[in-house]
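See below for upload-v3.cif, which holds mmCIF, C-alpha atoms and all ligand atoms.
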data_coords
loop_
_atom_site.label_atom_id
_atom_site.label_comp_id
_atom_site.auth_asym_id
_atom_site.auth_seq_id
_atom_site.Cartn_x
_atom_site.Cartn_y
_atom_site.Cartn_z
CA MET A 1 -31.68 -21.51 161.12
CA GLN A 2 -28.25 -21.31 159.50
CA MET A 3 -27.91 -21.56 155.74
CA LYS A 4 -24.57 -22.16 154.09
CA LYS A 5 -23.37 -19.02 152.31
CA SER A 6 -23.11 -20.81 148.94
CA HIS A 7 -26.70 -22.05 149.29
CA ALA A 8 -27.95 -18.57 150.12
CA ILE A 9 -26.21 -17.17 147.01
CA GLY A 10 -27.62 -20.01 144.89
CA LEU A 11 -31.13 -19.32 146.17
CA ALA A 12 -30.75 -15.60 145.50
CA LEU A 13 -29.64 -16.32 141.92
CA VAL A 14 -32.61 -18.61 141.30
CA LEU A 15 -34.97 -15.93 142.65
CA LEU A 16 -33.34 -13.25 140.48
CA ALA A 17 -33.58 -15.43 137.36
CA GLY A 18 -37.25 -16.05 138.12
CA LEU A 19 -37.90 -12.34 138.49
CA ALA A 20 -36.07 -11.53 135.25
CA ALA A 21 -38.26 -14.01 133.35
CA ALA A 22 -41.56 -13.03 134.95
CA GLY A 23 -40.83 -9.33 135.47
CA PHE A 24 -40.52 -7.54 138.77
CA PRO A 25 -43.78 -7.16 140.69
CA TRP A 26 -45.42 -3.93 139.53
CA PRO A 27 -47.38 -1.66 140.06
CA THR A 28 -46.36 -0.98 143.63
CA GLN A 29 -48.90 1.85 144.09
CA SER A 30 -52.67 1.57 143.93
CA PHE A 31 -54.34 3.19 140.93
CA PRO A 32 -58.07 3.63 140.20
CA LYS A 33 -59.41 0.56 138.30
CA THR A 34 -60.31 2.56 135.19
CA PRO A 35 -58.50 5.63 133.85
CA PRO A 36 -59.85 8.79 135.53
CA PRO A 37 -61.10 11.54 133.18
CA PRO A 38 -58.58 14.24 132.24
CA PRO A 39 -58.37 17.27 134.57
CA GLY A 40 -61.20 19.76 134.06
CA GLU A 41 -58.90 22.73 133.47
CA TYR A 42 -55.56 23.46 131.87
CA PRO A 43 -52.75 24.58 134.19
CA GLN A 44 -52.22 28.34 134.63
CA GLY A 45 -49.69 30.49 132.80
CA GLU A 46 -46.82 29.29 130.61
CA LEU A 47 -47.29 25.66 131.70
CA GLY A 48 -50.88 25.74 130.48
CA GLU A 49 -49.67 27.13 127.14
CA MET A 50 -47.18 24.25 126.80
CA VAL A 51 -49.85 21.65 127.64
CA LYS A 52 -52.15 23.13 124.98
CA LEU A 53 -49.28 23.17 122.48
CA GLY A 54 -48.57 19.51 123.22
CA GLU A 55 -52.21 18.64 122.67
CA ALA A 56 -52.24 20.50 119.33
CA ILE A 57 -49.14 18.55 118.23
CA VAL A 58 -50.61 15.19 119.25
CA MET A 59 -53.77 16.01 117.23
CA ASN A 60 -51.98 17.43 114.14
CA THR A 61 -48.50 15.88 114.23
CA ASN A 62 -47.96 15.63 110.47
CA THR A 63 -49.07 19.21 109.73
CA HIS A 64 -48.04 21.12 112.87
CA PRO A 65 -45.22 23.62 112.11
CA LEU A 66 -43.10 22.33 115.04
CA THR A 67 -43.27 18.64 114.02
CA LYS A 68 -44.25 18.25 110.33
CA ASP A 69 -40.60 18.02 109.21
CA TYR A 70 -40.07 15.10 111.62
CA VAL A 71 -43.00 13.05 110.28
CA GLY A 72 -42.70 10.77 107.24
CA ASN A 73 -46.29 9.58 106.79
CA ASP A 74 -49.94 10.64 106.96
CA LEU A 75 -50.47 9.86 110.64
CA GLN A 76 -50.89 11.88 113.82
CA CYS A 77 -50.27 10.60 117.33
CA LYS A 78 -54.06 10.58 117.73
CA SER A 79 -54.41 8.12 114.81
CA CYS A 80 -53.60 5.42 117.38
CA HIS A 81 -53.88 7.29 120.70
CA LEU A 82 -57.54 7.98 119.98
CA ASN A 83 -59.03 11.29 121.05
CA GLY A 84 -55.51 12.52 121.75
CA GLY A 85 -55.02 9.83 124.39
CA LYS A 86 -57.68 11.41 126.63
CA THR A 87 -60.12 8.52 126.56
CA GLY A 88 -59.96 5.32 128.53
CA ASN A 89 -59.45 2.89 125.64
CA ARG A 90 -56.97 0.25 126.70
CA TYR A 91 -53.63 0.30 124.86
CA ALA A 92 -54.19 3.84 123.64
CA THR A 93 -54.81 6.19 126.53
CA TYR A 94 -52.14 8.58 127.78
CA VAL A 95 -53.82 8.64 131.20
CA GLY A 96 -51.59 6.68 133.58
CA VAL A 97 -48.57 6.87 131.25
CA ALA A 98 -46.43 9.66 132.77
CA PRO A 99 -46.40 8.11 136.29
CA VAL A 100 -44.47 5.01 135.06
CA TYR A 101 -41.37 6.94 133.89
CA PRO A 102 -38.42 6.60 134.08
CA ALA A 103 -39.10 3.03 132.89
CA TYR A 104 -37.00 0.12 131.67
CA SER A 105 -37.46 -0.49 127.93
CA PRO A 106 -36.60 -4.00 126.67
CA ARG A 107 -36.51 -2.62 123.09
CA GLU A 108 -33.73 -0.11 123.84
CA LYS A 109 -32.31 -2.22 126.68
CA ALA A 110 -32.11 1.03 128.65
CA VAL A 111 -34.01 3.06 131.21
CA VAL A 112 -35.87 5.74 129.25
CA SER A 113 -37.62 8.97 130.14
CA LEU A 114 -41.11 9.96 128.97
CA GLU A 115 -39.48 12.33 126.48
CA ASP A 116 -37.35 9.48 125.06
CA ARG A 117 -40.48 7.38 124.67
CA VAL A 118 -42.36 10.14 122.87
CA LEU A 119 -39.46 10.90 120.52
CA ASN A 120 -38.93 7.25 119.58
CA CYS A 121 -42.49 7.19 118.19
CA PHE A 122 -41.35 9.64 115.51
CA MET A 123 -38.84 7.09 114.20
CA ARG A 124 -41.29 4.20 114.03
CA SER A 125 -45.04 4.89 114.16
CA MET A 126 -44.53 8.21 112.33
CA ASN A 127 -41.82 6.85 109.97
CA GLY A 128 -39.87 10.10 110.49
CA THR A 129 -36.86 11.49 112.32
CA ARG A 130 -36.33 11.81 116.05
CA PRO A 131 -36.74 15.45 117.20
CA PRO A 132 -34.06 16.65 119.67
CA VAL A 133 -34.48 15.98 123.40
CA GLY A 134 -35.44 19.23 125.12
CA SER A 135 -36.89 20.82 121.97
CA LYS A 136 -40.08 22.83 122.40
CA ALA A 137 -42.18 20.14 120.67
CA SER A 138 -40.73 17.40 122.86
CA ILE A 139 -41.31 19.28 126.13
CA ALA A 140 -44.82 20.27 125.02
CA MET A 141 -45.88 16.69 124.25
CA ALA A 142 -44.39 15.44 127.53
CA ALA A 143 -46.17 18.27 129.39
CA TYR A 144 -49.52 17.36 127.81
CA ILE A 145 -49.13 13.64 128.52
CA THR A 146 -48.02 14.33 132.11
CA TRP A 147 -50.92 16.72 132.75
CA LEU A 148 -53.37 13.97 131.76
CA SER A 149 -52.17 11.96 134.79
CA SER A 150 -52.51 14.79 137.32
CA GLY A 151 -53.28 13.38 140.77
CA LEU A 152 -52.19 9.78 140.07
CA PRO A 153 -49.33 8.29 142.13
CA VAL A 154 -45.79 8.12 140.68
CA ASP A 155 -44.66 4.51 140.11
CA PRO A 156 -41.62 3.94 137.84
CA ASN A 157 -42.01 0.69 135.83
CA PRO A 158 -39.01 -1.71 136.04
CA ASN A 159 -40.36 -4.02 133.29
CA GLN A 160 -41.83 -2.09 130.35
CA PRO A 161 -42.28 1.51 129.16
CA VAL A 162 -46.07 1.24 129.08
CA GLY A 163 -48.66 2.91 131.22
CA VAL A 164 -50.79 1.72 134.10
CA TYR A 165 -53.84 1.07 131.91
CA SER A 166 -51.85 -0.67 129.15
CA THR A 167 -50.45 -3.44 131.32
CA PRO A 168 -50.54 -6.38 130.87
CA TRP A 169 -49.13 -5.51 127.44
CA PRO A 170 -49.53 -7.04 124.95
CA ASP A 171 -52.90 -8.74 125.54
CA PRO A 172 -52.10 -12.27 126.85
CA ALA A 173 -54.96 -13.99 124.94
CA ILE A 174 -53.75 -12.43 121.66
CA ALA A 175 -50.12 -13.40 122.32
CA LYS A 176 -51.19 -16.98 123.01
CA LEU A 177 -52.99 -17.30 119.66
CA VAL A 178 -50.09 -15.89 117.63
CA ASN A 179 -47.40 -17.85 119.49
CA SER A 180 -49.33 -21.10 119.01
CA GLY A 181 -49.53 -20.46 115.25
CA SER A 182 -53.28 -19.83 115.21
CA VAL A 183 -53.17 -17.16 112.47
CA ASP A 184 -55.29 -17.22 109.28
CA VAL A 185 -54.46 -14.45 106.81
CA GLU A 186 -57.24 -15.48 104.37
CA HIS A 187 -59.80 -15.11 107.15
CA GLY A 188 -58.13 -11.79 108.02
CA LYS A 189 -58.79 -10.58 104.47
CA GLN A 190 -62.50 -11.38 104.87
CA VAL A 191 -62.63 -9.52 108.20
CA TYR A 192 -60.81 -6.56 106.64
CA GLU A 193 -63.14 -6.36 103.63
CA ALA A 194 -66.26 -6.62 105.78
CA GLN A 195 -65.26 -4.40 108.72
CA CYS A 196 -62.35 -2.13 107.80
CA ALA A 197 -62.24 -1.42 104.06
CA ALA A 198 -65.10 1.11 104.14
CA CYS A 199 -62.84 3.52 106.07
CA HIS A 200 -59.29 2.37 105.32
CA GLY A 201 -59.88 1.45 101.65
CA ALA A 202 -59.79 -1.98 99.99
CA ASP A 203 -56.21 -0.99 98.99
CA GLY A 204 -55.31 0.01 102.58
CA GLN A 205 -54.52 3.59 101.53
CA GLY A 206 -57.24 5.26 103.58
CA VAL A 207 -60.28 7.19 102.41
CA GLY A 208 -60.43 10.98 102.91
CA ALA A 209 -59.55 11.67 106.56
CA PHE A 210 -59.36 7.95 107.36
CA PRO A 211 -55.67 7.00 107.59
CA PRO A 212 -53.73 4.42 105.52
CA VAL A 213 -52.96 1.09 107.21
CA TRP A 214 -50.26 -0.09 104.81
CA GLY A 215 -48.05 1.31 102.04
CA ASP A 216 -45.56 4.22 101.90
CA ARG A 217 -47.69 6.63 103.97
CA SER A 218 -48.31 4.26 106.91
CA TYR A 219 -46.36 3.25 110.04
CA ASN A 220 -43.05 1.49 109.29
CA ALA A 221 -41.91 -2.04 110.06
CA GLY A 222 -40.29 -0.91 113.35
CA ALA A 223 -43.58 0.33 114.84
CA GLY A 224 -45.43 -1.53 117.60
CA MET A 225 -48.40 -1.81 115.22
CA ALA A 226 -46.29 -3.76 112.68
CA ASN A 227 -45.90 -6.54 115.23
CA VAL A 228 -49.02 -8.73 114.88
CA ILE A 229 -49.29 -9.42 118.62
CA LYS A 230 -49.09 -5.71 119.50
CA GLY A 231 -51.22 -4.58 116.54
CA ALA A 232 -53.96 -7.09 117.32
CA SER A 233 -53.90 -6.14 121.02
CA TRP A 234 -54.53 -2.53 120.00
CA VAL A 235 -57.16 -3.31 117.35
CA LYS A 236 -59.11 -5.51 119.76
CA TYR A 237 -59.82 -2.50 121.98
CA ASN A 238 -59.91 0.31 119.41
CA MET A 239 -61.28 -0.78 115.99
CA PRO A 240 -63.64 -0.60 114.13
CA LEU A 241 -63.68 3.03 115.26
CA GLY A 242 -66.35 3.68 117.89
CA ASN A 243 -67.47 0.04 117.82
CA ALA A 244 -64.56 -2.16 118.93
CA HIS A 245 -65.92 -5.70 119.08
CA LEU A 246 -63.56 -8.08 117.25
CA SER A 247 -62.94 -11.51 118.76
CA ASP A 248 -59.32 -12.33 119.67
CA GLN A 249 -59.04 -14.52 116.56
CA GLU A 250 -60.50 -11.84 114.25
CA ALA A 251 -58.12 -9.22 115.68
CA VAL A 252 -55.11 -11.51 115.12
CA ASP A 253 -56.14 -12.53 111.60
CA VAL A 254 -56.96 -9.01 110.42
CA MET A 255 -53.66 -7.56 111.66
CA ALA A 256 -51.74 -10.43 110.06
CA TYR A 257 -53.51 -9.52 106.79
CA VAL A 258 -52.76 -5.78 107.26
CA ASN A 259 -49.09 -6.45 108.07
CA SER A 260 -48.66 -8.88 105.15
CA HIS A 261 -48.67 -5.82 102.85
CA PRO A 262 -45.70 -3.62 101.94
CA ARG A 263 -44.78 -0.63 104.12
CA PRO A 264 -41.50 1.20 104.78
CA SER A 265 -38.80 -1.08 106.21
CA PHE A 266 -37.06 0.21 109.34
CA LYS A 267 -33.35 0.87 109.59
CA LEU A 268 -32.88 2.68 112.89
CA THR A 269 -29.86 4.77 111.88
CA ASP A 270 -31.85 6.30 108.98
CA HIS A 271 -34.29 7.78 111.52
CA LEU A 272 -31.82 9.60 113.77
CA ALA A 273 -31.11 13.28 113.07
CA PRO A 274 -27.61 14.01 111.71
CA ALA A 275 -24.91 13.92 114.43
CA GLY A 276 -24.71 17.34 116.06
CA GLU A 277 -28.45 17.94 115.74
CA ALA A 278 -29.49 14.65 117.27
CA GLY A 279 -28.89 15.30 120.95
CA VAL A 280 -28.69 12.07 122.93
CA TYR A 281 -30.30 8.89 121.63
CA ASN A 282 -30.64 6.78 124.77
CA SER A 283 -30.39 3.13 123.64
CA ASN A 284 -28.09 0.12 123.90
CA VAL A 285 -29.54 -1.26 120.64
CA PRO A 286 -28.66 1.42 118.07
CA GLN A 287 -28.52 -0.76 114.94
CA GLN A 288 -31.94 -2.39 114.59
CA ILE A 289 -33.19 -3.32 111.10
CA ILE A 290 -36.70 -4.72 110.46
CA GLU A 291 -37.79 -5.60 106.92
CA ALA A 292 -41.38 -5.24 105.70
CA PRO A 293 -43.76 -6.95 105.32
CA THR A 294 -43.66 -8.12 108.91
CA TRP A 295 -46.08 -11.05 108.38
CA PRO A 296 -45.39 -13.95 107.87
CA PRO A 297 -42.46 -13.78 110.31
CA LYS A 298 -39.07 -14.29 108.67
CA LYS A 299 -36.97 -17.30 109.62
CA LYS A 300 -33.79 -16.22 111.43
C1 LIG A 401 -49.39 3.66 114.29
C2 LIG A 401 -49.90 3.81 115.64
C3 LIG A 401 -49.24 4.78 116.60
C4 LIG A 401 -48.92 6.10 116.38
C5 LIG A 401 -49.15 6.91 115.13
C6 LIG A 401 -48.31 6.58 117.60
N1 LIG A 401 -48.29 5.59 118.53
FE1 LIG A 401 -47.64 5.74 120.45
N2 LIG A 401 -48.00 3.78 120.73
C7 LIG A 401 -48.58 2.93 119.83
C8 LIG A 401 -48.68 1.60 120.40
C9 LIG A 401 -49.27 0.36 119.71
C10 LIG A 401 -48.11 1.69 121.69
C11 LIG A 401 -47.96 0.55 122.71
C12 LIG A 401 -46.59 0.23 123.08
C13 LIG A 401 -45.61 -0.40 122.12
O1 LIG A 401 -45.35 0.12 121.02
O2 LIG A 401 -45.04 -1.41 122.49
C14 LIG A 401 -47.70 3.07 121.87
C15 LIG A 401 -47.13 3.58 123.02
C16 LIG A 401 -46.85 4.90 123.25
C17 LIG A 401 -46.37 5.43 124.51
C18 LIG A 401 -46.08 4.60 125.75
C19 LIG A 401 -47.16 4.61 126.72
C20 LIG A 401 -48.19 3.55 126.73
O3 LIG A 401 -48.37 2.95 127.76
O4 LIG A 401 -48.88 3.30 125.73
C21 LIG A 401 -46.24 6.78 124.36
C22 LIG A 401 -45.82 7.80 125.40
C23 LIG A 401 -46.59 7.08 122.98
N3 LIG A 401 -46.96 5.92 122.34
C24 LIG A 401 -46.57 8.34 122.44
C25 LIG A 401 -46.83 8.60 121.09
C26 LIG A 401 -46.67 9.92 120.49
C27 LIG A 401 -46.28 11.17 121.23
C28 LIG A 401 -46.98 9.77 119.17
C29 LIG A 401 -46.91 10.82 118.09
C30 LIG A 401 -45.62 11.47 117.93
C31 LIG A 401 -47.37 8.38 118.97
N4 LIG A 401 -47.25 7.71 120.15
C32 LIG A 401 -47.81 7.87 117.77
C33 LIG A 401 -49.03 3.25 118.57
C34 LIG A 401 -48.83 4.47 117.96
C1 LIG A 402 -65.69 4.02 110.78
C2 LIG A 402 -64.39 4.06 110.16
C3 LIG A 402 -63.36 3.02 110.57
C4 LIG A 402 -63.49 1.65 110.55
C5 LIG A 402 -64.69 0.81 110.13
C6 LIG A 402 -62.19 1.13 110.95
N1 LIG A 402 -61.33 2.16 111.21
FE1 LIG A 402 -59.39 1.96 111.76
N2 LIG A 402 -59.27 3.98 112.00
C7 LIG A 402 -60.27 4.89 111.69
C8 LIG A 402 -59.82 6.22 112.03
C9 LIG A 402 -60.60 7.51 111.82
C10 LIG A 402 -58.53 6.07 112.58
C11 LIG A 402 -57.67 7.18 113.13
C12 LIG A 402 -58.26 7.72 114.41
C13 LIG A 402 -58.24 9.22 114.49
O1 LIG A 402 -57.45 9.86 113.79
O2 LIG A 402 -59.03 9.75 115.29
C14 LIG A 402 -58.21 4.66 112.51
C15 LIG A 402 -56.98 4.11 112.89
C16 LIG A 402 -56.60 2.80 112.63
C17 LIG A 402 -55.26 2.29 112.77
C18 LIG A 402 -54.05 3.05 113.26
C19 LIG A 402 -53.63 4.14 112.33
C20 LIG A 402 -53.22 3.66 110.97
O3 LIG A 402 -53.76 4.18 109.99
O4 LIG A 402 -52.38 2.74 110.87
C21 LIG A 402 -55.29 0.96 112.43
C22 LIG A 402 -54.13 -0.01 112.40
C23 LIG A 402 -56.66 0.65 112.11
N3 LIG A 402 -57.43 1.78 112.23
C24 LIG A 402 -57.11 -0.61 111.73
C25 LIG A 402 -58.44 -0.92 111.52
C26 LIG A 402 -58.94 -2.25 111.31
C27 LIG A 402 -58.09 -3.51 111.29
C28 LIG A 402 -60.30 -2.15 111.14
C29 LIG A 402 -61.29 -3.26 110.91
C30 LIG A 402 -61.37 -4.26 111.94
C31 LIG A 402 -60.62 -0.73 111.22
N4 LIG A 402 -59.48 -0.03 111.47
C32 LIG A 402 -61.91 -0.22 111.04
C33 LIG A 402 -61.49 4.59 111.14
C34 LIG A 402 -62.01 3.33 110.99
#
Write out the structure in this file as structure tokens.
Amino acid sequence: MQMKKSHAIGLALVLLAGLAAAGFPWPTQSFPKTPPPPPGEYPQGELGEMVKLGEAIVMNTNTHPLTKDYVGNDLQCKSCHLNGGKTGNRYATYVGVAPVYPAYSPREKAVVSLEDRVLNCFMRSMNGTRPPVGSKASIAMAAYITWLSSGLPVDPNPNQPVGVYSTPWPDPAIAKLVNSGSVDVEHGKQVYEAQCAACHGADGQGVGAFPPVWGDRSYNAGAGMANVIKGASWVKYNMPLGNAHLSDQEAVDVMAYVNSHPRPSFKLTDHLAPAGEAGVYNSNVPQQIIEAPTWPPKKK
């Protein structure tokens, strides 16, 4: 059958627009249903040393000599990537993350590497400064995260810079509640006081080794966690620690309550190292500003 050229182009455009809205079909490889356990042994030689260094940094980010100067709060990567990202918790594991890079990142409107992704966390979740690409700390963290996916297929993600076991991201049921306006901060306060305050403090500042969830020493307004949809998606699968059981509505309400408190605002340019020490910051959106608190959402 012959199709007129103009019709064929029209059809192709419609298909492309559909794909852009829905995302390209992914994954294209088959992965085990649940994240496999981390490899039983560290790699040999220098590589093994780098993997161990990366693990030590992920566990002690704010005190480790190679990264403490780049961190501006009381968190470690493992504060959110529980157990250093080794466990199978959805939206927190590092297993299945390395295989998806290079990946397209809608936030930076650019294709980013695993190293880029790791370094950007310093600006936002860690409220600090971006370490240079190719620095020892950066390579070590990327080595550790890559090692955790040993044996899995490689499958670059054209839609999002999130791993195999984090997609769909964020949680669709959570997104639906927030987008339909079903958010109750007062109820969130009750959930927080009953189920979170014992560890994170009634004032959100943490208790002993339990980390702060708002205020100057917490993640900033540019972090994934400061977005109620993303924060609630994470909390649903990860908190209360060791006993994650919140309903979708409880997860949404409690993170709206948490994010209705003050925390550092985010001005992207304040979190890049001075020119000359910065290396390359790979983004087409270099000027982002997000004011705290991030809930209720500000009218544009
Ligand atoms: C305050 C919580 C928090 C902290 C601290 C944190 N992250 Fe994340 N991280 C997240 C969340 C939530 C996501 C999910 C993606 C997003 O932000 O859209 C994520 C995503 C990632 C990803 C993308 C892979 C995926 O599929 O989840 C990588 C890699 C990553 N973080 C590395 C790090 C590293 C390295 C550190 C420490 C330097 C760190 N993160 C600290 C919350 C955090
Ligand atoms: C039994 C103690 C405990 C309870 C209860 C608990 N958490 Fe946590 N939470 C932790 C610990 C510990 C971490 C950091 C994990 C680590 O370092 O291993 C954490 C991390 C977090 C983080 C990411 C890091 C940060 O400080 O921002 C958020 C957000 C969070 N919890 C929210 C909640 C919410 C909401 C609840 C209630 C629904 C809750 N937690 C209940 C102990 C607890």
So that I can check the surroundings of range 50-57 of chain A, please list as a PyMOL selection string every protein, DNA and RNA residue that reaches within 9 Å of it, counting all atoms listed in the file and ignoring chain neighbours fewer than 6 positions away.
chain A and resi 42-43+63-67+76-77+84+136-147
Given the selection you just returned, output its residues as a file containing C-alpha atoms, formatted as a PDB file, in the coordinates of the input.
ATOM      1  CA  TYR A  42     -55.560  23.460 131.870  1.00  0.00           C
ATOM      2  CA  PRO A  43     -52.750  24.580 134.190  1.00  0.00           C
ATOM      3  CA  THR A  63     -49.070  19.210 109.730  1.00  0.00           C
ATOM      4  CA  HIS A  64     -48.040  21.120 112.870  1.00  0.00           C
ATOM      5  CA  PRO A  65     -45.220  23.620 112.110  1.00  0.00           C
ATOM      6  CA  LEU A  66     -43.100  22.330 115.040  1.00  0.00           C
ATOM      7  CA  THR A  67     -43.270  18.640 114.020  1.00  0.00           C
ATOM      8  CA  GLN A  76     -50.890  11.880 113.820  1.00  0.00           C
ATOM      9  CA  CYS A  77     -50.270  10.600 117.330  1.00  0.00           C
ATOM     10  CA  GLY A  84     -55.510  12.520 121.750  1.00  0.00           C
ATOM     11  CA  LYS A 136     -40.080  22.830 122.400  1.00  0.00           C
ATOM     12  CA  ALA A 137     -42.180  20.140 120.670  1.00  0.00           C
ATOM     13  CA  SER A 138     -40.730  17.400 122.860  1.00  0.00           C
ATOM     14  CA  ILE A 139     -41.310  19.280 126.130  1.00  0.00           C
ATOM     15  CA  ALA A 140     -44.820  20.270 125.020  1.00  0.00           C
ATOM     16  CA  MET A 141     -45.880  16.690 124.250  1.00  0.00           C
ATOM     17  CA  ALA A 142     -44.390  15.440 127.530  1.00  0.00           C
ATOM     18  CA  ALA A 143     -46.170  18.270 129.390  1.00  0.00           C
ATOM     19  CA  TYR A 144     -49.520  17.360 127.810  1.00  0.00           C
ATOM     20  CA  ILE A 145     -49.130  13.640 128.520  1.00  0.00           C
ATOM     21  CA  THR A 146     -48.020  14.330 132.110  1.00  0.00           C
ATOM     22  CA  TRP A 147     -50.920  16.720 132.750  1.00  0.00           C
TER      23      TRP A 147
END
Atom O1 of ligand LIG 402 (chain A) to CA of Met123 in chain A, distance in Å rounded to a single decimal:
18.8 Å
Contacts with ligand LIG 402 (chain A) at most 9 Å, all atoms listed in the file counted, listed as a PyMOL selection string:
chain A and resi 59+74-84+125+188+191-200+204-206+209-214+217-219+225-226+231-232+234-236+238-246+250-251+254-255+257-258
Given the choices A:Val111, A:Met126, A:Val228, A:Ala273, which gets closest to ligand LIG 401 (chain A) if the distance is worked out from all atoms listed in the file?
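Selected residue with least distance to ligand LIG 401 (chain A): A:Met126.
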Pick out the closest residue to Pro153 in chain A from this set: A:Val285, A:Val207, A:Ile229, A:Ala98. Count all atoms listed in the file.
A:Ala98
Option closest in space to Glu41 in chain A, from A:Phe24, A:Val95, A:Val58, A:Ser150 [counting all atoms listed in the file]:
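Under the stated criterion, the closest residue is A:Ser150.
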Name the residues, using the chain letters and numbers of the file, that sit within 7 Å of (-50.0, -12.6, 105.3) when counting all atoms listed in the file, and give them as a PDB file with C-alpha atoms, keeping the file's coordinate frame.
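So point14.pdb came out as:
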ATOM      1  CA  VAL A 185     -54.460 -14.450 106.810  1.00  0.00           C
ATOM      2  CA  ALA A 256     -51.740 -10.430 110.060  1.00  0.00           C
ATOM      3  CA  TYR A 257     -53.510  -9.520 106.790  1.00  0.00           C
ATOM      4  CA  ASN A 259     -49.090  -6.450 108.070  1.00  0.00           C
ATOM      5  CA  SER A 260     -48.660  -8.880 105.150  1.00  0.00           C
ATOM      6  CA  TRP A 295     -46.080 -11.050 108.380  1.00  0.00           C
ATOM      7  CA  PRO A 296     -45.390 -13.950 107.870  1.00  0.00           C
TER       8      PRO A 296
END
What separates CA of Thr269 in chain A and CA of Lys299 in chain A is a distance of 23.3 Å
Quick one: residues within 10 Å of Pro132 in chain A, all atoms listed in the file, excluding same-chain residues fewer than 6 positions away - as an MDAnalysis selection string?
chainID A and resid 115:116 119 138 272:273 277:281
Using all atoms listed in the file, which of A:Gly201, A:Pro32, A:Gly276, A:Gly85 sits nearest ligand LIG 401 (chain A)?
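Checking each of A:Gly201, A:Pro32, A:Gly276, A:Gly85 against ligand LIG 401 (chain A), counting all atoms listed in the file, the winner is A:Gly85.
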Box centre and edge lengths (Å, one decimal), axis-aligned, ligand LIG 401 (chain A) plus 6 Å each side, as AutoDock Vina command-line options:
--center_x -47.5 --center_y 5.0 --center_z 121.0 --size_x 16.9 --size_y 24.9 --size_z 25.5
Report, in Å with one decimal, the straight-line distance from CA of Asp155 in chain A to CA of Val100 in chain A.
5.1 Å
Out of A:Ala110, A:Ile289, A:Leu177, A:Ala275, which residue has the shortest atom-to-atom distance to Ser247 in chain A when counting all atoms listed in the file?
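When distances to Ser247 in chain A are compared using all atoms listed in the file, the smallest one comes from A:Leu177.
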